[in-house]
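What follows is a single structure, written as structure tokens, with notes after it.
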2 protein chains.
Amino acid sequence: MTKKQQNIFNTALELFATDGVDATSTSKIAKVAGVSEGLIFRHFTNKEGLLQAILTEGLNKAHEYFQLIQVEIDPKTRIRKALELPFNILPEEYNFWRLVYTLKWQRGSVQTEEMSDFRASLADAFDQLNYENPSAEARLVESIIDGIATEVLLKDVHPKPLLKCVLDKYKLK
Amino acid sequence: MTKKQQNIFNTALELFATDGVDATSTSKIAKVAGVSEGLIFRHFTNKEGLLQAILTEGLNKAHEYFQLIQVEIDPKTRIRKALELPFNILPEEYNFWRLVYTLKWQRGSVQTEEMSDFRASLADAFDQLNYENPSAEARLVESIIDGIATEVLLKDVHPKPLLKCVLDKYKLK
DNA sequence: GTCTATACCAGGATAGAC
DNA sequence: GTCTATCCTGGTATAGAC
């Protein structure tokens with residue numbers, strides 16, 4: 001990736017995340033990135049291509065995080081690490097996740113394959129701990145993660161006190 | 001509201017919710033609603049006015065739900081009713097809530113005034129029950145509600161098993 | 001790799017007739 | 001209250017020069 005290509009990539013991510021993909025024009029991306037509009041299309045074919053480039057790059061990284069949790073053998077630790085996920089989002093990753101959460105509502109959730117692995121490994125953990133309904137528990141954890149992530153990404157306050165409350169509910173600590 | 005005005009209102013809500021506001025053109029709304037495009041502007045001034053009309057109508061109804069919870073005196077019942085919220089969304093209301101959740105990510109959450117009342121009444125409930133950090137608990141409940149609502153609205157499965165799991169965490173039954 | 005110029009179309013919005 | 005016709009802007013995308 002050349003310098004200017006990176007510029008396009010980064011400003012597009014920023015603008016897509018804050019204003020939404022549809023509300024972000026290629027001309028604005030070019031202007032903010034300090035680049036000619038034509039260059040966007042040279043490098044990324046079209047606006048959709050630019051979006052896809054951003055998504056695949058970010059999802060690869062994200063995939064690693066999820067993997068790190070699934071390899072955890074102790075069920076309690078696995079659940080705890082999952083619940084800690086939204087509290088460990090790095091500031092550099094905010095834009096990406098805001099984009100992902102926005103897109104959920106229009107294009108359907110991005111990538112379902114690795115997410116179902118993640119859910120399965122959570123259900124397995126709850127099963128080991130003899131919870132009554134492991135798969136429901138797994139779905140609940142996912143929902144809680146989503147809910148807290150939303151709070152973190154939108155309110156921009158790092159809500160450490162919340163973590164204590166959640167872990168408490170699961171008698172982890 | 002005349003018949004056609006209602007048509008515009010309803011199809012706009014539907015399209016806004018599924019495709020997003022920006023991706024929904026006034027011409028498409030007109031076409032689907034079986035109405036001339038000009039009529040939209042006669043009735044709602046502009047696209048933004050149409051959106052606002054939809055939002056204020058829906059938020060008034062929503063406000064009532066929240067009020068119903070806040071008047072509940074027993075703290076346990078109040079918390080339980082709050083947590084039940086996402087499970088009681090009516091199918092007719094799906095589009096509205098999908099729209100609201102979408103807009104969160106671009107325009108900032110719609111109306112913060114009545115929501116902070118709601119949060120305060122939750123914190124108060126936790127306070128009465130001698131929880132360690134009532135305000136954090138209140139925020140957590142809100143996050144859980146948001147997370148589950150997302151699950152309900154996007155996956156379109158009514159996840160009753162989840163309810164049992166959540167109530168369990170709060171020792172409500 | 002990058003820029004300028006430009007084609008082309010679609011979107012929001014208005015005017016005026018019925 | 002409703003429709004048709006139309007204007008104008010701005011958005012996506014391409015061509016060709018440097």
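Labeling convention for the structure tokens: chains A, B, ... as they appear, residues from 1 per chain, ligands from 1 in order of appearance.
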
Could you build a table of the residues in chain D lying no more than 10 Å from chain A, giving for each the nearest pair of atoms and their separation in Å rounded to one decimal place, using only C-alpha atoms (C1' of nucleotides), ordered by chain and ascending residue number, as CSV?
residue,atom,partner,partner_atom,distance
D:DG10,C1',A:Ser25,CA,9.2
D:DG11,C1',A:Ser25,CA,6.6
D:DT12,C1',A:Thr26,CA,7.7
D:DA13,C1',A:Phe41,CA,7.7
D:DT14,C1',A:Gly38,CA,8.8

- Item | At most 8 Å to chain A: residues in chain B, only C-alpha atoms, as JSON, numbers by chain | {"B": [18, 19, 20, 22, 23, 98, 101, 102, 105, 106, 108, 133, 136, 137, 139, 140, 142, 143, 144, 145, 146, 147, 148, 150, 151, 154, 161, 162, 165, 166, 169, 170]}

Kindly export the residues of the current selection with N, CA and C atoms, as a compact mmCIF listing (two decimals), in the first residue's frame.
# COMPACT_ATOMS: atom_id res chain seq x y z
N THR B 18 -35.19 -0.97 6.94
CA THR B 18 -34.49 -2.09 6.31
C THR B 18 -33.27 -1.65 5.51
N ASP B 19 -33.39 -0.54 4.79
CA ASP B 19 -32.28 -0.13 3.93
C ASP B 19 -31.47 1.01 4.51
N GLY B 20 -32.00 1.68 5.53
CA GLY B 20 -31.34 2.86 6.05
C GLY B 20 -31.92 4.12 5.44
N ASP B 22 -30.44 6.95 4.47
CA ASP B 22 -29.68 7.52 3.35
C ASP B 22 -29.83 6.70 2.08
N ALA B 23 -30.00 5.41 2.24
CA ALA B 23 -30.11 4.55 1.07
C ALA B 23 -31.54 4.50 0.53
N ARG B 98 -35.93 -0.98 14.81
CA ARG B 98 -34.76 -1.17 13.96
C ARG B 98 -34.25 0.19 13.48
N TYR B 101 -32.44 1.96 16.42
CA TYR B 101 -31.12 1.41 16.70
C TYR B 101 -30.12 1.76 15.60
N THR B 102 -30.60 1.81 14.37
CA THR B 102 -29.70 2.22 13.28
C THR B 102 -29.22 3.64 13.50
N TRP B 105 -26.19 5.01 15.70
CA TRP B 105 -24.79 4.98 15.28
C TRP B 105 -24.39 6.17 14.44
N GLN B 106 -25.37 6.88 13.90
CA GLN B 106 -25.01 8.06 13.12
C GLN B 106 -25.37 9.36 13.83
N GLY B 108 -26.42 9.96 16.90
CA GLY B 108 -26.47 10.00 18.35
C GLY B 108 -27.84 9.52 18.77
N ASN B 133 -22.82 -1.15 43.52
CA ASN B 133 -22.67 0.00 42.62
C ASN B 133 -23.94 0.19 41.77
N ALA B 136 -23.77 1.70 38.14
CA ALA B 136 -23.15 0.79 37.18
C ALA B 136 -24.11 -0.35 36.84
N GLU B 137 -24.82 -0.83 37.85
CA GLU B 137 -25.79 -1.90 37.61
C GLU B 137 -26.88 -1.42 36.64
N ARG B 139 -26.59 0.88 34.37
CA ARG B 139 -26.03 0.95 33.01
C ARG B 139 -25.91 -0.43 32.41
N LEU B 140 -25.54 -1.40 33.24
CA LEU B 140 -25.42 -2.76 32.73
C LEU B 140 -26.77 -3.29 32.25
N GLU B 142 -29.23 -1.59 31.12
CA GLU B 142 -29.52 -0.93 29.84
C GLU B 142 -28.75 -1.59 28.71
N SER B 143 -27.49 -1.91 28.96
CA SER B 143 -26.69 -2.56 27.93
C SER B 143 -27.24 -3.93 27.58
N ILE B 144 -27.67 -4.65 28.61
CA ILE B 144 -28.23 -5.97 28.36
C ILE B 144 -29.52 -5.85 27.54
N ILE B 145 -30.34 -4.88 27.91
CA ILE B 145 -31.57 -4.65 27.16
C ILE B 145 -31.24 -4.35 25.70
N ASP B 146 -30.29 -3.47 25.49
CA ASP B 146 -29.88 -3.14 24.12
C ASP B 146 -29.38 -4.36 23.37
N GLY B 147 -28.55 -5.14 24.03
CA GLY B 147 -27.98 -6.32 23.40
C GLY B 147 -29.04 -7.32 23.00
N ILE B 148 -29.96 -7.58 23.91
CA ILE B 148 -31.01 -8.54 23.61
C ILE B 148 -31.96 -8.00 22.55
N THR B 150 -31.25 -6.06 20.18
CA THR B 150 -30.55 -6.25 18.91
C THR B 150 -30.74 -7.66 18.39
N GLU B 151 -30.53 -8.62 19.27
CA GLU B 151 -30.71 -10.02 18.91
C GLU B 151 -32.12 -10.28 18.39
N LEU B 154 -32.79 -8.33 14.99
CA LEU B 154 -32.02 -8.74 13.81
C LEU B 154 -32.25 -10.20 13.44
N PRO B 161 -35.96 -18.45 25.85
CA PRO B 161 -34.99 -19.07 26.77
C PRO B 161 -34.03 -18.05 27.38
N LEU B 162 -33.71 -17.03 26.62
CA LEU B 162 -32.79 -16.01 27.13
C LEU B 162 -33.34 -15.33 28.38
N CYS B 165 -32.55 -17.07 31.52
CA CYS B 165 -31.13 -16.90 31.86
C CYS B 165 -30.86 -15.54 32.51
N VAL B 166 -31.41 -14.49 31.93
CA VAL B 166 -31.14 -13.15 32.49
C VAL B 166 -31.71 -13.01 33.87
N LYS B 169 -29.74 -14.42 36.55
CA LYS B 169 -28.53 -13.68 36.96
C LYS B 169 -28.86 -12.65 38.05
N TYR B 170 -30.08 -12.17 38.02
CA TYR B 170 -30.46 -11.16 39.00
C TYR B 170 -31.30 -11.75 40.14

- For C:DA17: contacts at 12 Å, only C-alpha atoms (C1' of nucleotides), fewer than 4 positions along chain excluded, given as a PyMOL selection string: chain D and resi 2-5

Restricting the output to N, CA and C atoms (P, O5', C5', C4', C3', O3' and C1' of nucleotides), write the selected residues as a CSV table (one decimal), in the first residue's frame.
chain,number,residue,atom,x,y,z
D,2,DT,P,-54.2,12.8,-0.7
D,2,DT,O5',-53.6,12.9,-2.1
D,2,DT,C5',-54.5,12.7,-3.2
D,2,DT,C4',-53.9,13.1,-4.5
D,2,DT,C3',-52.5,12.6,-4.7
D,2,DT,O3',-52.5,11.5,-5.7
D,2,DT,C1',-52.8,14.9,-5.6
D,3,DC,P,-51.1,11.0,-6.3
D,3,DC,O5',-51.0,11.9,-7.6
D,3,DC,C5',-52.0,11.8,-8.6
D,3,DC,C4',-51.6,12.6,-9.8
D,3,DC,C3',-50.2,12.1,-10.4
D,3,DC,O3',-50.3,11.9,-11.8
D,3,DC,C1',-50.2,14.5,-10.0
D,4,DT,P,-49.0,11.3,-12.5
D,4,DT,O5',-48.5,12.5,-13.4
D,4,DT,C5',-49.4,13.5,-13.9
D,4,DT,C4',-48.6,14.5,-14.7
D,4,DT,C3',-47.3,14.0,-15.3
D,4,DT,O3',-47.2,14.6,-16.6
D,4,DT,C1',-46.8,15.7,-13.8
D,5,DA,P,-45.9,14.3,-17.5
D,5,DA,O5',-45.1,15.6,-17.3
D,5,DA,C5',-45.7,16.9,-17.2
D,5,DA,C4',-44.7,18.0,-17.0
D,5,DA,C3',-43.3,17.7,-17.6
D,5,DA,O3',-42.9,18.9,-18.2
D,5,DA,C1',-43.1,18.0,-15.3

Only residues of chain C matter here; which ones have an atom within 10 Å of chain B, counting only C-alpha atoms (C1' of nucleotides)? Give them as a PDB file with all heavy atoms, in the first residue's frame.
ATOM      1  P    DA C  10     -30.119   6.418 -13.063  1.00  0.00           P
ATOM      2  OP1  DA C  10     -30.264   4.960 -12.985  1.00  0.00           O
ATOM      3  OP2  DA C  10     -31.038   7.225 -13.902  1.00  0.00           O
ATOM      4  O5'  DA C  10     -30.158   6.987 -11.584  1.00  0.00           O
ATOM      5  C5'  DA C  10     -28.974   6.861 -10.769  1.00  0.00           C
ATOM      6  C4'  DA C  10     -29.196   7.638  -9.498  1.00  0.00           C
ATOM      7  O4'  DA C  10     -28.874   9.027  -9.712  1.00  0.00           O
ATOM      8  C3'  DA C  10     -30.634   7.613  -9.004  1.00  0.00           C
ATOM      9  O3'  DA C  10     -30.619   7.636  -7.599  1.00  0.00           O
ATOM     10  C2'  DA C  10     -31.217   8.885  -9.591  1.00  0.00           C
ATOM     11  C1'  DA C  10     -30.009   9.828  -9.503  1.00  0.00           C
ATOM     12  N9   DA C  10     -30.011  10.887 -10.496  1.00  0.00           N
ATOM     13  C8   DA C  10     -30.448  10.820 -11.785  1.00  0.00           C
ATOM     14  N7   DA C  10     -30.308  11.945 -12.443  1.00  0.00           N
ATOM     15  C5   DA C  10     -29.733  12.802 -11.517  1.00  0.00           C
ATOM     16  C6   DA C  10     -29.336  14.142 -11.578  1.00  0.00           C
ATOM     17  N6   DA C  10     -29.454  14.889 -12.684  1.00  0.00           N
ATOM     18  N1   DA C  10     -28.806  14.701 -10.472  1.00  0.00           N
ATOM     19  C2   DA C  10     -28.682  13.949  -9.369  1.00  0.00           C
ATOM     20  N3   DA C  10     -29.018  12.676  -9.185  1.00  0.00           N
ATOM     21  C4   DA C  10     -29.550  12.161 -10.310  1.00  0.00           C
ATOM     22  P    DG C  11     -31.898   7.336  -6.752  1.00  0.00           P
ATOM     23  OP1  DG C  11     -31.619   6.090  -6.029  1.00  0.00           O
ATOM     24  OP2  DG C  11     -33.087   7.484  -7.625  1.00  0.00           O
ATOM     25  O5'  DG C  11     -31.900   8.529  -5.705  1.00  0.00           O
ATOM     26  C5'  DG C  11     -30.687   8.851  -5.018  1.00  0.00           C
ATOM     27  C4'  DG C  11     -30.790  10.277  -4.570  1.00  0.00           C
ATOM     28  O4'  DG C  11     -30.575  11.134  -5.712  1.00  0.00           O
ATOM     29  C3'  DG C  11     -32.163  10.618  -4.025  1.00  0.00           C
ATOM     30  O3'  DG C  11     -32.112  10.889  -2.632  1.00  0.00           O
ATOM     31  C2'  DG C  11     -32.618  11.842  -4.798  1.00  0.00           C
ATOM     32  C1'  DG C  11     -31.453  12.234  -5.667  1.00  0.00           C
ATOM     33  N9   DG C  11     -31.893  12.494  -7.035  1.00  0.00           N
ATOM     34  C8   DG C  11     -32.449  11.596  -7.915  1.00  0.00           C
ATOM     35  N7   DG C  11     -32.755  12.130  -9.060  1.00  0.00           N
ATOM     36  C5   DG C  11     -32.386  13.460  -8.921  1.00  0.00           C
ATOM     37  C6   DG C  11     -32.479  14.530  -9.841  1.00  0.00           C
ATOM     38  O6   DG C  11     -32.925  14.507 -10.994  1.00  0.00           O
ATOM     39  N1   DG C  11     -32.004  15.731  -9.306  1.00  0.00           N
ATOM     40  C2   DG C  11     -31.476  15.859  -8.037  1.00  0.00           C
ATOM     41  N2   DG C  11     -31.065  17.063  -7.675  1.00  0.00           N
ATOM     42  N3   DG C  11     -31.373  14.859  -7.168  1.00  0.00           N
ATOM     43  C4   DG C  11     -31.854  13.696  -7.679  1.00  0.00           C
ATOM     44  P    DG C  12     -33.465  11.299  -1.905  1.00  0.00           P
ATOM     45  OP1  DG C  12     -33.297  10.969  -0.484  1.00  0.00           O
ATOM     46  OP2  DG C  12     -34.615  10.780  -2.667  1.00  0.00           O
ATOM     47  O5'  DG C  12     -33.455  12.882  -2.089  1.00  0.00           O
ATOM     48  C5'  DG C  12     -32.443  13.634  -1.452  1.00  0.00           C
ATOM     49  C4'  DG C  12     -32.704  15.102  -1.661  1.00  0.00           C
ATOM     50  O4'  DG C  12     -32.829  15.354  -3.089  1.00  0.00           O
ATOM     51  C3'  DG C  12     -33.990  15.612  -1.023  1.00  0.00           C
ATOM     52  O3'  DG C  12     -33.729  16.855  -0.392  1.00  0.00           O
ATOM     53  C2'  DG C  12     -34.963  15.776  -2.191  1.00  0.00           C
ATOM     54  C1'  DG C  12     -34.034  16.029  -3.368  1.00  0.00           C
ATOM     55  N9   DG C  12     -34.513  15.489  -4.643  1.00  0.00           N
ATOM     56  C8   DG C  12     -34.931  14.209  -4.893  1.00  0.00           C
ATOM     57  N7   DG C  12     -35.282  14.018  -6.144  1.00  0.00           N
ATOM     58  C5   DG C  12     -35.077  15.245  -6.746  1.00  0.00           C
ATOM     59  C6   DG C  12     -35.288  15.660  -8.082  1.00  0.00           C
ATOM     60  O6   DG C  12     -35.714  14.983  -9.039  1.00  0.00           O
ATOM     61  N1   DG C  12     -34.956  17.002  -8.277  1.00  0.00           N
ATOM     62  C2   DG C  12     -34.475  17.840  -7.303  1.00  0.00           C
ATOM     63  N2   DG C  12     -34.205  19.083  -7.668  1.00  0.00           N
ATOM     64  N3   DG C  12     -34.276  17.462  -6.041  1.00  0.00           N
ATOM     65  C4   DG C  12     -34.603  16.167  -5.838  1.00  0.00           C
ATOM     66  P    DA C  13     -34.910  17.504   0.479  1.00  0.00           P
ATOM     67  OP1  DA C  13     -34.264  18.352   1.490  1.00  0.00           O
ATOM     68  OP2  DA C  13     -35.872  16.462   0.875  1.00  0.00           O
ATOM     69  O5'  DA C  13     -35.593  18.452  -0.584  1.00  0.00           O
ATOM     70  C5'  DA C  13     -34.778  19.446  -1.233  1.00  0.00           C
ATOM     71  C4'  DA C  13     -35.575  20.087  -2.341  1.00  0.00           C
ATOM     72  O4'  DA C  13     -35.795  19.139  -3.408  1.00  0.00           O
ATOM     73  C3'  DA C  13     -36.958  20.604  -1.945  1.00  0.00           C
ATOM     74  O3'  DA C  13     -36.947  22.022  -2.006  1.00  0.00           O
ATOM     75  C2'  DA C  13     -37.907  19.990  -2.971  1.00  0.00           C
ATOM     76  C1'  DA C  13     -36.969  19.530  -4.077  1.00  0.00           C
ATOM     77  N9   DA C  13     -37.429  18.381  -4.853  1.00  0.00           N
ATOM     78  C8   DA C  13     -37.659  17.107  -4.404  1.00  0.00           C
ATOM     79  N7   DA C  13     -38.081  16.280  -5.343  1.00  0.00           N
ATOM     80  C5   DA C  13     -38.127  17.075  -6.480  1.00  0.00           C
ATOM     81  C6   DA C  13     -38.481  16.800  -7.816  1.00  0.00           C
ATOM     82  N6   DA C  13     -38.890  15.587  -8.228  1.00  0.00           N
ATOM     83  N1   DA C  13     -38.419  17.802  -8.704  1.00  0.00           N
ATOM     84  C2   DA C  13     -38.015  19.011  -8.279  1.00  0.00           C
ATOM     85  N3   DA C  13     -37.638  19.398  -7.059  1.00  0.00           N
ATOM     86  C4   DA C  13     -37.727  18.369  -6.192  1.00  0.00           C
ATOM     87  P    DT C  14     -38.285  22.853  -1.654  1.00  0.00           P
ATOM     88  OP1  DT C  14     -37.827  24.084  -0.987  1.00  0.00           O
ATOM     89  OP2  DT C  14     -39.269  21.960  -1.025  1.00  0.00           O
ATOM     90  O5'  DT C  14     -38.821  23.260  -3.106  1.00  0.00           O
ATOM     91  C5'  DT C  14     -37.898  23.832  -4.032  1.00  0.00           C
ATOM     92  C4'  DT C  14     -38.628  24.257  -5.288  1.00  0.00           C
ATOM     93  O4'  DT C  14     -38.931  23.097  -6.101  1.00  0.00           O
ATOM     94  C3'  DT C  14     -39.968  24.970  -5.088  1.00  0.00           C
ATOM     95  O3'  DT C  14     -40.019  26.078  -5.976  1.00  0.00           O
ATOM     96  C2'  DT C  14     -41.007  23.897  -5.423  1.00  0.00           C
ATOM     97  C1'  DT C  14     -40.277  23.107  -6.494  1.00  0.00           C
ATOM     98  N1   DT C  14     -40.688  21.683  -6.629  1.00  0.00           N
ATOM     99  C2   DT C  14     -40.976  21.176  -7.877  1.00  0.00           C
ATOM    100  O2   DT C  14     -40.927  21.844  -8.892  1.00  0.00           O
ATOM    101  N3   DT C  14     -41.321  19.846  -7.889  1.00  0.00           N
ATOM    102  C4   DT C  14     -41.408  18.998  -6.794  1.00  0.00           C
ATOM    103  O4   DT C  14     -41.729  17.828  -6.940  1.00  0.00           O
ATOM    104  C5   DT C  14     -41.090  19.587  -5.524  1.00  0.00           C
ATOM    105  C7   DT C  14     -41.154  18.762  -4.294  1.00  0.00           C
ATOM    106  C6   DT C  14     -40.749  20.890  -5.494  1.00  0.00           C
TER     107       DT C  14
END

- Message: If DSSP is run on the backbone, what residues of stretch 41-158 of chain A are helix (DSSP H, G or I)? A reply as a ChimeraX atom specification would be ideal.
- Response: /A:41-44,47-70,75-88,91-107,113-128,134-155

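Atom CA of A:Glu57 is found 24.8 Å from atom CA of A:Glu72.
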